[in-house]
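> Quick one: the structure is below, questions incoming.
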Amino acid sequence: MSAVAEPRLLDAGEAALVVEFGSTVDPAISDRVLALDDALGADPPEGLRERVPTYRSLMLHYDPLVLDRATLAERVRALVSGATARASNPTLWTLPCCYASPHGEDIAQVAERSGLSPEAVVSTHSATTFRVYMYGFAPGFAYLGGLPEALAVPRRASPRPPHPRNAVMIGGGLAAVATVPMPTGWYVLGATPARLYAPERDPSFFVAAGDQIRFEPVDSATFDALTAREAAGEPVARRGEPR
Amino acid sequence: MPALVIESAGPGVTLQDGGRHGYLRYGITAAGPMDPLMHAAANRAASNALDATVVEISTGGVTVSAEDGPVGIVLLAPGFRVALDGVPLPDTVALTLEPGQRLVVRAGDAGAWGYLAVAGRLDVAPVLGSAATHTRSGLGGLDGRGLAAGDRLPVAEGRTLDGAPQRLVAPWLDRDGRVIRVVLGPQDDYFAPDQIEAFLAGPWTVSPRGDRMACFVDGTPLKHAKGHDIVSDGVAMGAIQVPGNGLPIILMADRQSTGGYPKIATVIGPDLGRLAQVRGGARLSFRRVSVEEAVAARRAERDLLREAVPREPVIRTDFASDFLLGLNLVGGVTDGRS
């Protein structure tokens with residue numbers, strides 16, 4: 001195995017430190033981010049307030065009056081050289097997804113831009129195992145990698161009107177599940193009855209960065225039934241072993 | 001249980017506590033006060049926990065009253081105009097609001113954010129551990145929205161103040177917003193040295209279109225050395241991102257948790273409130289400091305908040321004559337100096 005590059009430690013003010021492992025979207029970089037995230041989470045130093053994994057870096061928010069930068073940096077360097085593999089096993093989640101009208105409102109546009117038939121857009125998307133790289137942008141907005149090249153349409157130049165809750169989307173070579181309605185430059189392929197984010201539920205979030213997601217096509221009647229089950233507090237996302 | 005009643009509220013008046021912490025990794029913004037020092041100072045003066053829930057007042061202003069009993073109030077709103085039943089009060093004041101009385105807070109010549117704490121606890125159900133309002137995602141506060149006429153905020157474990165309103169003496173809240181201290185990075189390497197110097201020197205003119213999410217500035221656009229797109233990474237409050245148009249955007253309390261523009265520098269914690277209080281049209285520049293200097297400033301701020309906030313009797317001559325005439329309550333009265 002070749003030597004692993006040392007991450008860069010970048011200050012984001014006096015109360016946050018960015019541990020940067022690379023500058024691209026890459027599963028190997030993401031694995032290193034998540035390995036450090038796991039290691040710090042297992043034994044957090046006093047004064048470490050939040051850990052925010054992203055595609056290529058781990059942002060550490062800390063209280064500098066409790067934990068000084070040098071101590072945190074030393075801890076990070078020791079952990080990075082010691083552990084490069086993840087301590088926790090990712091979970092494969094199967095999320096039901098209704099691609100039918102009205103949910104899959106942008107499938108025709110994606111078909112036109114990708115040269116695929118609408119049926120092929122759906123079958124390609126639902127045959128893919130996605131990796132959850134990170135959350136960001138909005139509460140419960142999960143950025144997913146692994147989108148096949150055939151579906152890598154650029155994002156819209158200007159946003160479309162707000163999508164509904166729990167929209168399953170693609171854009172710019174990535175996929176996403178969005179939980180809060182808002183205007184977007186992405187394309188909406190469908191909707192999942194599973195709520196990745198429910199502030200009143202414990203836990204409010206069940207999908208973690210590093211987990212995998214597959215979308216299982218369901219018809220409108222099943223979607224409605226599953227939505228009702230989810231609303232009654234019965235989770236409809238299924239947990240399985242990663243591939 | 002006594003309650004604080006919102007008689008009227010302009011846009012942008014929200015409930016805020018110390019912020020919603022622990023969920024940034026799931027895309028949940030911390031929210032919390034725009035001016036963390038003044039928020040904490042209001043709670044200090046009210047003998048509350050420093051991160052307790054308060055009413056954050058925008059330049060939209062607010063009018064409040066008390067219901068079902070008196071409510072002890074601490075108001076820190078430097079630069080705002082304050083009146084109790086038409087009688088002007090200092091802009092930093094402690095008082096007991098009796099049922100039937102109305103406290104009016106309106107924007108004045110300076111100041112962008114004021115803080116109204118009750119002595120006691122505003123009984124608001126937390127969401128994800130916090131009452132902080134984030135209106136963009138509809139989280140916290142009252143149904144995730146700004147306060148509006150008719151809202152009733154129960155006050156638990158309320159305490160009141162004997163006697164007349166008292167001025168709170170906290171001259172350290174009068175901060176100069178013309179020079180804002182920053183730590184460079186995390187992406188200062190996306191800019192050539194002359195562009196870093198240009199960024200620091202400014203001067204930048206604060207745009208009036210700022211809000212709880214961001215402060216925008218106008219000036220000579222900065223040039224990027226390595227493009228303006230980065231693969232998204234984390235964003236701290238105070239991060240100064242430079243998008244394609246070269247004009248810095250300072251991300252504030254309601255920012256997104258991650259972002260995809262290079263961040264040339266980060267405003268230090270103690271200067272976040274100083275920046276937040278600057279109104280549109282003002283000019284500012286940035287000064288580079290080390291992490292150690294920033295931590296020292298943070299420590300000094302913490303020490304300030306350990307001391308009680310002194311109070312003194314309200315003296316009428318404290319008010320400028322234009323203020324009194326502006327209220328049109330006491331025509332002909334002067335401040336005794338003119």
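Identifiers in the structure tokens: chain A, B, ... in order shown; residue index from 1 per chain; ligand index from 1 in order shown.
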Report as a list in words all protein, DNA and RNA residues lying within 7 Å of region 165-180 of chain B, evaluated on only C-alpha atoms, omitting residues in the same chain fewer than 4 positions from it.

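The residues satisfying every condition are Met38, Pro90, Thr92, Val93, Ala94, Leu95, Asp271, Arg274, Leu275, Val278, Arg283, Leu284, Ser285, Phe286, Arg287, Val309, Pro310, Arg311, Glu312, Pro313 and Val314 of chain B.
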
> Just the selected residues (N, CA and C atoms), exported as an mmCIF file, in the first residue's frame, please.


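The resulting file, again_14.cif, is shown below:
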data_model
loop_
_atom_site.group_PDB
_atom_site.id
_atom_site.type_symbol
_atom_site.label_atom_id
_atom_site.label_comp_id
_atom_site.auth_asym_id
_atom_site.auth_seq_id
_atom_site.Cartn_x
_atom_site.Cartn_y
_atom_site.Cartn_z
ATOM 1 N N MET B 38 -24.339 40.426 22.593
ATOM 2 C CA MET B 38 -25.469 41.175 23.160
ATOM 3 C C MET B 38 -26.565 40.230 23.647
ATOM 4 N N PRO B 90 -34.128 54.644 28.128
ATOM 5 C CA PRO B 90 -32.814 54.346 27.524
ATOM 6 C C PRO B 90 -32.911 53.100 26.635
ATOM 7 N N THR B 92 -30.808 50.713 26.682
ATOM 8 C CA THR B 92 -30.416 49.537 27.472
ATOM 9 C C THR B 92 -31.102 49.702 28.817
ATOM 10 N N VAL B 93 -32.067 48.855 29.110
ATOM 11 C CA VAL B 93 -32.933 49.140 30.255
ATOM 12 C C VAL B 93 -33.485 47.853 30.856
ATOM 13 N N ALA B 94 -33.665 47.888 32.179
ATOM 14 C CA ALA B 94 -34.364 46.812 32.891
ATOM 15 C C ALA B 94 -35.631 47.411 33.474
ATOM 16 N N LEU B 95 -36.727 46.705 33.380
ATOM 17 C CA LEU B 95 -37.984 47.229 33.881
ATOM 18 C C LEU B 95 -38.960 46.091 34.144
ATOM 19 N N ASP B 271 -16.109 39.320 16.869
ATOM 20 C CA ASP B 271 -16.489 40.410 15.958
ATOM 21 C C ASP B 271 -17.745 40.095 15.140
ATOM 22 N N ARG B 274 -20.362 42.610 16.273
ATOM 23 C CA ARG B 274 -19.897 43.918 15.800
ATOM 24 C C ARG B 274 -20.281 44.094 14.337
ATOM 25 N N LEU B 275 -20.080 43.063 13.544
ATOM 26 C CA LEU B 275 -20.435 43.111 12.129
ATOM 27 C C LEU B 275 -21.959 43.114 11.944
ATOM 28 N N VAL B 278 -23.768 46.427 12.063
ATOM 29 C CA VAL B 278 -23.499 47.454 11.050
ATOM 30 C C VAL B 278 -24.675 47.503 10.078
ATOM 31 N N ARG B 283 -19.353 51.715 5.785
ATOM 32 C CA ARG B 283 -18.139 51.185 5.170
ATOM 33 C C ARG B 283 -17.298 50.481 6.216
ATOM 34 N N LEU B 284 -16.628 49.422 5.775
ATOM 35 C CA LEU B 284 -15.761 48.699 6.709
ATOM 36 C C LEU B 284 -14.581 48.092 5.964
ATOM 37 N N SER B 285 -13.583 47.705 6.765
ATOM 38 C CA SER B 285 -12.441 46.972 6.228
ATOM 39 C C SER B 285 -12.184 45.796 7.177
ATOM 40 N N PHE B 286 -11.235 44.953 6.782
ATOM 41 C CA PHE B 286 -10.944 43.771 7.595
ATOM 42 C C PHE B 286 -9.507 43.837 8.088
ATOM 43 N N ARG B 287 -9.264 43.299 9.269
ATOM 44 C CA ARG B 287 -7.896 43.245 9.798
ATOM 45 C C ARG B 287 -7.563 41.794 10.132
ATOM 46 N N VAL B 309 -24.098 43.213 35.154
ATOM 47 C CA VAL B 309 -24.236 44.437 34.362
ATOM 48 C C VAL B 309 -24.773 45.523 35.288
ATOM 49 N N PRO B 310 -23.995 46.597 35.539
ATOM 50 C CA PRO B 310 -24.445 47.629 36.492
ATOM 51 C C PRO B 310 -25.725 48.324 36.025
ATOM 52 N N ARG B 311 -26.485 48.809 37.000
ATOM 53 C CA ARG B 311 -27.723 49.545 36.697
ATOM 54 C C ARG B 311 -27.653 50.902 37.367
ATOM 55 N N GLU B 312 -28.318 51.877 36.786
ATOM 56 C CA GLU B 312 -28.403 53.187 37.416
ATOM 57 C C GLU B 312 -29.770 53.775 37.122
ATOM 58 N N PRO B 313 -30.187 54.753 37.941
ATOM 59 C CA PRO B 313 -31.508 55.342 37.719
ATOM 60 C C PRO B 313 -31.574 56.003 36.338
ATOM 61 N N VAL B 314 -32.754 56.021 35.786
ATOM 62 C CA VAL B 314 -32.951 56.662 34.484
ATOM 63 C C VAL B 314 -33.055 58.167 34.692
#

> List every residue of region 143-242 of chain A that DSSP, applied to the backbone, labels as strand (DSSP E or B), and write the result as number ranges by chain.

A: 143-145, 160, 167-171, 174-178, 184, 187-191, 197, 205, 212-217, 238-240

> Find the residues of chain B in contact range of chain A, meaning any atom within 8 Å when counting only C-alpha atoms, and list them as a PyMOL selection string.

chain B and resi 21-29+127-128+137+182-186+230-236+238-239+256-259+265-269+291-292+294-295+298-299

> Determine, counting only C-alpha atoms, which protein, DNA and RNA residues have an atom within 9 Å of an atom of Gly114 (chain B); residues of the same chain fewer than 3 positions away are not included. Present the result as a short mmCIF file (atom, residue, chain, number, x, y, z; two decimals) with all heavy atoms, in the first residue's frame.


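As written to disk, out_15.cif reads:
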data_model
loop_
_atom_site.label_atom_id
_atom_site.label_comp_id
_atom_site.auth_asym_id
_atom_site.auth_seq_id
_atom_site.Cartn_x
_atom_site.Cartn_y
_atom_site.Cartn_z
N ASP B 35 -26.05 38.68 17.08
CA ASP B 35 -25.04 39.33 17.93
C ASP B 35 -24.91 38.50 19.20
O ASP B 35 -25.61 38.75 20.20
CB ASP B 35 -25.48 40.77 18.25
CG ASP B 35 -24.41 41.53 19.03
OD1 ASP B 35 -23.51 40.88 19.62
OD2 ASP B 35 -24.48 42.77 19.05
N MET B 38 -24.34 40.43 22.59
CA MET B 38 -25.47 41.17 23.16
C MET B 38 -26.57 40.23 23.65
O MET B 38 -27.23 40.50 24.65
CB MET B 38 -26.02 42.17 22.13
CG MET B 38 -26.75 43.31 22.82
SD MET B 38 -27.39 44.55 21.70
CE MET B 38 -25.89 45.31 21.10
N HIS B 39 -26.73 39.13 22.96
CA HIS B 39 -27.69 38.11 23.40
C HIS B 39 -27.30 37.59 24.78
O HIS B 39 -28.13 37.53 25.70
CB HIS B 39 -27.71 36.97 22.37
CG HIS B 39 -28.41 35.74 22.84
ND1 HIS B 39 -27.74 34.66 23.38
CD2 HIS B 39 -29.72 35.40 22.86
CE1 HIS B 39 -28.62 33.72 23.72
NE2 HIS B 39 -29.82 34.14 23.40
N VAL B 55 -36.16 37.38 22.73
CA VAL B 55 -36.71 37.93 21.50
C VAL B 55 -35.62 38.74 20.82
O VAL B 55 -35.09 39.69 21.40
CB VAL B 55 -37.93 38.84 21.79
CG1 VAL B 55 -38.44 39.47 20.49
CG2 VAL B 55 -39.04 38.05 22.48
N GLU B 56 -35.23 38.33 19.62
CA GLU B 56 -34.26 39.10 18.84
C GLU B 56 -35.05 40.10 17.99
O GLU B 56 -35.92 39.71 17.21
CB GLU B 56 -33.43 38.18 17.95
CG GLU B 56 -32.36 38.95 17.16
CD GLU B 56 -31.54 38.04 16.27
OE1 GLU B 56 -32.02 37.69 15.17
OE2 GLU B 56 -30.41 37.68 16.67
N ILE B 57 -34.71 41.38 18.17
CA ILE B 57 -35.48 42.45 17.52
C ILE B 57 -34.71 42.96 16.31
O ILE B 57 -33.55 43.36 16.42
CB ILE B 57 -35.73 43.60 18.52
CG1 ILE B 57 -36.44 43.06 19.77
CG2 ILE B 57 -36.54 44.71 17.86
CD1 ILE B 57 -36.47 44.05 20.91
N SER B 58 -35.36 42.95 15.17
CA SER B 58 -34.76 43.48 13.95
C SER B 58 -35.09 44.97 13.85
O SER B 58 -35.79 45.53 14.70
CB SER B 58 -35.34 42.75 12.73
OG SER B 58 -36.71 43.11 12.60
N THR B 59 -34.63 45.62 12.79
CA THR B 59 -34.99 47.02 12.59
C THR B 59 -36.48 47.16 12.28
O THR B 59 -36.99 48.28 12.20
CB THR B 59 -34.15 47.64 11.45
OG1 THR B 59 -34.26 46.80 10.30
CG2 THR B 59 -32.69 47.78 11.85
N GLY B 61 -38.65 46.37 14.37
CA GLY B 61 -39.21 46.81 15.64
C GLY B 61 -40.25 45.87 16.20
O GLY B 61 -40.72 44.93 15.52
N LEU B 75 -33.88 44.82 28.27
CA LEU B 75 -33.80 45.15 26.84
C LEU B 75 -32.44 45.74 26.56
O LEU B 75 -32.04 46.74 27.17
CB LEU B 75 -34.90 46.15 26.46
CG LEU B 75 -34.82 46.66 25.01
CD1 LEU B 75 -35.20 45.57 24.03
CD2 LEU B 75 -35.74 47.87 24.83
N LEU B 76 -31.69 45.12 25.67
CA LEU B 76 -30.44 45.70 25.18
C LEU B 76 -30.64 45.96 23.69
O LEU B 76 -30.71 45.03 22.89
CB LEU B 76 -29.26 44.74 25.39
CG LEU B 76 -28.86 44.43 26.84
CD1 LEU B 76 -27.64 43.52 26.86
CD2 LEU B 76 -28.58 45.72 27.61
N ALA B 77 -30.75 47.23 23.34
CA ALA B 77 -31.01 47.59 21.95
C ALA B 77 -30.35 48.93 21.63
O ALA B 77 -31.01 49.90 21.27
CB ALA B 77 -32.52 47.66 21.68
N PRO B 78 -29.00 48.98 21.76
CA PRO B 78 -28.30 50.26 21.54
C PRO B 78 -28.62 50.84 20.16
O PRO B 78 -28.55 50.13 19.15
CB PRO B 78 -26.82 49.88 21.65
CG PRO B 78 -26.81 48.67 22.52
CD PRO B 78 -28.07 47.93 22.18
N GLY B 79 -28.98 52.11 20.15
CA GLY B 79 -29.30 52.78 18.89
C GLY B 79 -30.78 52.74 18.56
O GLY B 79 -31.25 53.50 17.72
N PHE B 80 -31.54 51.85 19.21
CA PHE B 80 -32.98 51.78 18.96
C PHE B 80 -33.70 52.86 19.78
O PHE B 80 -33.14 53.43 20.71
CB PHE B 80 -33.52 50.39 19.34
CG PHE B 80 -33.24 49.30 18.32
CD1 PHE B 80 -31.94 48.88 18.08
CD2 PHE B 80 -34.27 48.71 17.61
CE1 PHE B 80 -31.68 47.87 17.14
CE2 PHE B 80 -34.02 47.70 16.67
CZ PHE B 80 -32.73 47.29 16.44
N VAL B 105 -40.39 49.28 20.83
CA VAL B 105 -38.99 49.33 20.41
C VAL B 105 -38.98 49.55 18.89
O VAL B 105 -39.56 48.76 18.14
CB VAL B 105 -38.24 48.02 20.76
CG1 VAL B 105 -36.76 48.16 20.42
CG2 VAL B 105 -38.44 47.65 22.22
N GLY B 111 -27.60 50.60 14.98
CA GLY B 111 -27.97 49.31 15.55
C GLY B 111 -28.91 48.54 14.65
O GLY B 111 -29.86 49.09 14.09
#

> Considering only C-alpha atoms, state which residue in the set A:Leu189, A:Leu34, A:Leu147, A:Glu6 is at the smallest distance from Ser101 (chain A).

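Residue with the minimum atom-to-atom distance to Ser101 (chain A): A:Leu189.
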
> Using only C-alpha atoms, determine which residues lie at most 6 Å from Ala119 (chain B), disregarding the query and same-chain residues fewer than 6 positions distant; provide the list as a VMD selection string.

chain B and resid 46 72 to 73 158 to 159

> Dump N, CA, C and O atoms for the selected residues as a CSV table (one decimal), in the first residue's frame?


chain,number,residue,atom,x,y,z
B,46,ALA,N,-30.3,39.7,33.0
B,46,ALA,CA,-31.6,39.2,33.5
B,46,ALA,C,-31.4,38.1,34.5
B,46,ALA,O,-32.4,37.4,34.9
B,72,GLY,N,-40.8,40.7,34.2
B,72,GLY,CA,-39.5,41.4,34.3
B,72,GLY,C,-38.8,41.4,33.0
B,72,GLY,O,-38.8,40.3,32.4
B,73,ILE,N,-38.3,42.5,32.5
B,73,ILE,CA,-37.7,42.6,31.2
B,73,ILE,C,-36.3,43.2,31.2
B,73,ILE,O,-36.1,44.2,32.0
B,158,GLY,N,-40.9,33.4,36.5
B,158,GLY,CA,-40.7,34.8,36.3
B,158,GLY,C,-40.2,35.6,37.5
B,158,GLY,O,-40.6,35.2,38.7
B,159,ARG,N,-39.4,36.6,37.3
B,159,ARG,CA,-39.0,37.5,38.4
B,159,ARG,C,-39.2,38.9,38.0
B,159,ARG,O,-39.2,39.2,36.8

> Set the distance at 7 Å and use only C-alpha atoms: which residues neighbour Gly273 (chain B) once local chain neighbours fewer than 6 positions away are removed? I'd like the list as a ChimeraX atom specification.

/B:34-37

> Using the selection just defined, write its residues with C-alpha atoms as a PDB file, in the first residue's frame.


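Result written to out37.pdb:
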ATOM      1  CA  MET B  34     -26.858  37.479  15.137  1.00  0.00           C
ATOM      2  CA  ASP B  35     -25.043  39.334  17.929  1.00  0.00           C
ATOM      3  CA  PRO B  36     -23.940  36.588  20.321  1.00  0.00           C
ATOM      4  CA  LEU B  37     -22.361  39.016  22.807  1.00  0.00           C
TER       5      LEU B  37
END

> Considering only C-alpha atoms, return as a PyMOL selection string whatever protein or nucleic-acid residues lie within 10 Å of Leu97 (chain B), sequence-local ones (same chain, fewer than 5 positions apart) excluded.

chain B and resi 4+64-67+69-73+84+102-103+118+160-161+165

> Can you check which residues of region 157-336 of chain B DSSP gives as alpha helix (DSSP H) on the backbone and send them as a PyMOL selection string?

chain B and resi 193-201+272-276+291-304+321-327

> Could you write those residues out with C-alpha atoms, as a CSV table (one decimal), in the first residue's frame?


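Heads up, here's the output in result19.csv:
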chain,number,residue,atom,x,y,z
B,193,PRO,CA,-1.3,37.9,-2.2
B,194,ASP,CA,-2.4,41.2,-3.8
B,195,GLN,CA,-6.0,40.1,-3.7
B,196,ILE,CA,-5.7,39.2,0.0
B,197,GLU,CA,-4.4,42.7,0.6
B,198,ALA,CA,-7.2,44.2,-1.4
B,199,PHE,CA,-9.7,42.2,0.5
B,200,LEU,CA,-8.4,43.4,3.9
B,201,ALA,CA,-8.1,47.0,2.9
B,272,LEU,CA,-19.6,38.6,14.6
B,273,GLY,CA,-21.9,40.8,16.6
B,274,ARG,CA,-19.9,43.9,15.8
B,275,LEU,CA,-20.4,43.1,12.1
B,276,ALA,CA,-24.1,42.1,12.6
B,291,VAL,CA,-5.9,32.3,15.9
B,292,GLU,CA,-4.2,33.2,19.2
B,293,GLU,CA,-5.3,36.8,19.1
B,294,ALA,CA,-8.8,35.7,18.3
B,295,VAL,CA,-8.9,33.3,21.2
B,296,ALA,CA,-7.6,36.1,23.5
B,297,ALA,CA,-10.4,38.4,22.4
B,298,ARG,CA,-12.9,35.5,23.0
B,299,ARG,CA,-11.5,35.0,26.5
B,300,ALA,CA,-11.8,38.8,27.2
B,301,GLU,CA,-15.4,38.6,26.1
B,302,ARG,CA,-16.1,35.6,28.3
B,303,ASP,CA,-14.6,37.5,31.3
B,304,LEU,CA,-16.9,40.5,30.6
B,321,SER,CA,-34.1,66.6,22.0
B,322,ASP,CA,-34.7,65.3,18.5
B,323,PHE,CA,-35.7,62.0,20.0
B,324,LEU,CA,-38.2,63.5,22.3
B,325,LEU,CA,-39.6,65.7,19.6
B,326,GLY,CA,-39.6,62.7,17.2
B,327,LEU,CA,-41.8,60.8,19.5

> Need the shell around region 234-241 of chain A: protein/DNA/RNA residues with any atom at most 7 Å away, counting only C-alpha atoms. Skip same-chain ones fewer than 5 positions apart. Format as a list in words?

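Using only C-alpha atoms, the neighbours found are Thr91, Leu92, Trp93, Thr94, Leu95, Pro96, Ala194, Leu226 and Arg229 of chain A.
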
> Write out, as a PDB file, in the first residue's frame, the residues just selected, with C-alpha atoms.


ATOM      1  CA  THR A  91     -25.812   0.315   6.229  1.00  0.00           C
ATOM      2  CA  LEU A  92     -27.547  -0.294   2.892  1.00  0.00           C
ATOM      3  CA  TRP A  93     -30.956   1.367   2.930  1.00  0.00           C
ATOM      4  CA  THR A  94     -33.685   0.448   0.453  1.00  0.00           C
ATOM      5  CA  LEU A  95     -36.005   3.399  -0.021  1.00  0.00           C
ATOM      6  CA  PRO A  96     -39.284   2.956  -1.892  1.00  0.00           C
ATOM      7  CA  ALA A 194     -39.500   7.486   3.663  1.00  0.00           C
ATOM      8  CA  LEU A 226     -46.424   3.658   2.498  1.00  0.00           C
ATOM      9  CA  ARG A 229     -47.561   4.050   7.277  1.00  0.00           C
TER      10      ARG A 229
END

> At what distance in Å, to one decimal, does CA of Arg156 (chain A) lie from CA of Ile29 (chain A)?

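So the two atoms, CA of Ile29 (chain A) and CA of Arg156 (chain A), lie 27.7 Å apart.
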